[in-house]
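Below you'll find the structure, written out as structure tokens, and then a few comments.
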Amino acid sequence: MPTKSNNLGGQGGARVGAGRKKKALSEKIEADNPSGRKLTVLDIPDIEGVEMPKPNEILSAAQRDGKDFQAKLIFEETWLWLQKIGCQGAVSKQLIERYAMCAARWIQCEQMTNELGFLSKHPTTGKPIPSPFINIGISYMNQAIRQWNEIYQIVKENCTADYSGANPQDDLMEKLLRARKGS
């Protein structure tokens, strides 16, 4: 009897992001480090004069429909939030750019759904089908959430300051509503 190969993609083994999330560094310090392990505290110096890195050009690329692409704005707001809590050095520029791109594309898909409606015409039969922008938007939204969770986990693990309160992820719906109004 042949043995079953375990080389099938996506089966077995640990999944990325699976398992219990790490406790926040500030929680560990507050609880007097119950595990007794040495805590790695980032000694981030006060760097008020550091400028934000220049966002990649693609974050402000011209769009075919002539509307503003909000990725650069999302990048800047996220960077400023990270700078405010002192974690801008712990999160890579590329991760922030990926988050900004996914969030902006999600907003773009929502705008198209609002303009064109929830239904579309099938190219061959002409019958109504769900708008493709709905599924594309869901995909971008899920990617943006995963990217944000990665950013937030880095902040949670490395920040001793209070990082709760308003953050750029909370403002995404506000951006969507502003874009819908055209302001």
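Chain identifiers are assigned as A, B, and so on, following the order in which chains appear in the structure tokens; residues are numbered from 1 within each chain, and ligands are numbered from 1 in order of appearance.
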
What lies within 8 Å of A:Ile74 using only C-alpha atoms, ignoring chain neighbours under 5 positions off, as a ChimeraX atom specification? /A:100,103-104,168

Write out the residues from the selection above, keeping N, CA, C and O atoms, as a PDB file, in the first residue's frame.
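Listing of out.pdb after writing:
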```pdb
ATOM      1  N   ALA A 100      -1.394  50.822   3.529  1.00  0.00           N
ATOM      2  CA  ALA A 100      -2.006  52.004   2.916  1.00  0.00           C
ATOM      3  C   ALA A 100      -2.585  51.674   1.537  1.00  0.00           C
ATOM      4  O   ALA A 100      -3.684  52.117   1.194  1.00  0.00           O
ATOM      5  N   ALA A 103      -5.795  49.462   1.972  1.00  0.00           N
ATOM      6  CA  ALA A 103      -6.897  50.257   2.518  1.00  0.00           C
ATOM      7  C   ALA A 103      -7.445  51.219   1.460  1.00  0.00           C
ATOM      8  O   ALA A 103      -8.663  51.368   1.321  1.00  0.00           O
ATOM      9  N   ALA A 104      -6.562  51.848   0.703  1.00  0.00           N
ATOM     10  CA  ALA A 104      -7.005  52.786  -0.334  1.00  0.00           C
ATOM     11  C   ALA A 104      -7.752  52.057  -1.453  1.00  0.00           C
ATOM     12  O   ALA A 104      -8.749  52.563  -1.976  1.00  0.00           O
ATOM     13  N   PRO A 168      -5.155  55.053  13.055  1.00  0.00           N
ATOM     14  CA  PRO A 168      -5.521  55.180  11.642  1.00  0.00           C
ATOM     15  C   PRO A 168      -6.554  54.155  11.176  1.00  0.00           C
ATOM     16  O   PRO A 168      -7.354  54.447  10.297  1.00  0.00           O
TER      17      PRO A 168
END
```

Excluding A:Tyr152 and residues on its chain fewer than 6 positions from it, collect all residues at most 12 Å away from it, counting only C-alpha atoms, and give them as a list in words.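 The residues that qualify are Lys21, Lys22, Ala24, Thr78, Trp81, Leu82, Ile85, Cys87, Gln88, Ala90, Val91, Leu95, Ile96, Tyr99, Ala144, Ile145, Arg146, Asn158, Cys159, Tyr163, Ser164, Asn167, Pro168 and Gln169 of chain A.
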
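When only C-alpha atoms are used to measure the gap to A:Asp68, the shortest distance among A:Cys102, A:Ile134, A:Ile107, A:Ala31 belongs to A:Ile107.
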
Write down as a ChimeraX atom specification the residues belonging to stretch 43-153 of chain A that are assigned helix (DSSP H, G or I) by DSSP computed on the backbone. /A:57-60,71-85,93-116,132-153

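Atom pair atom CA of A:Ala14 / atom CA of A:Trp148: separated by 21.4 Å.
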
To one decimal in Å, tell me the separation between atom CA of A:Trp106 and atom CA of A:Ile138. 7.3 Å
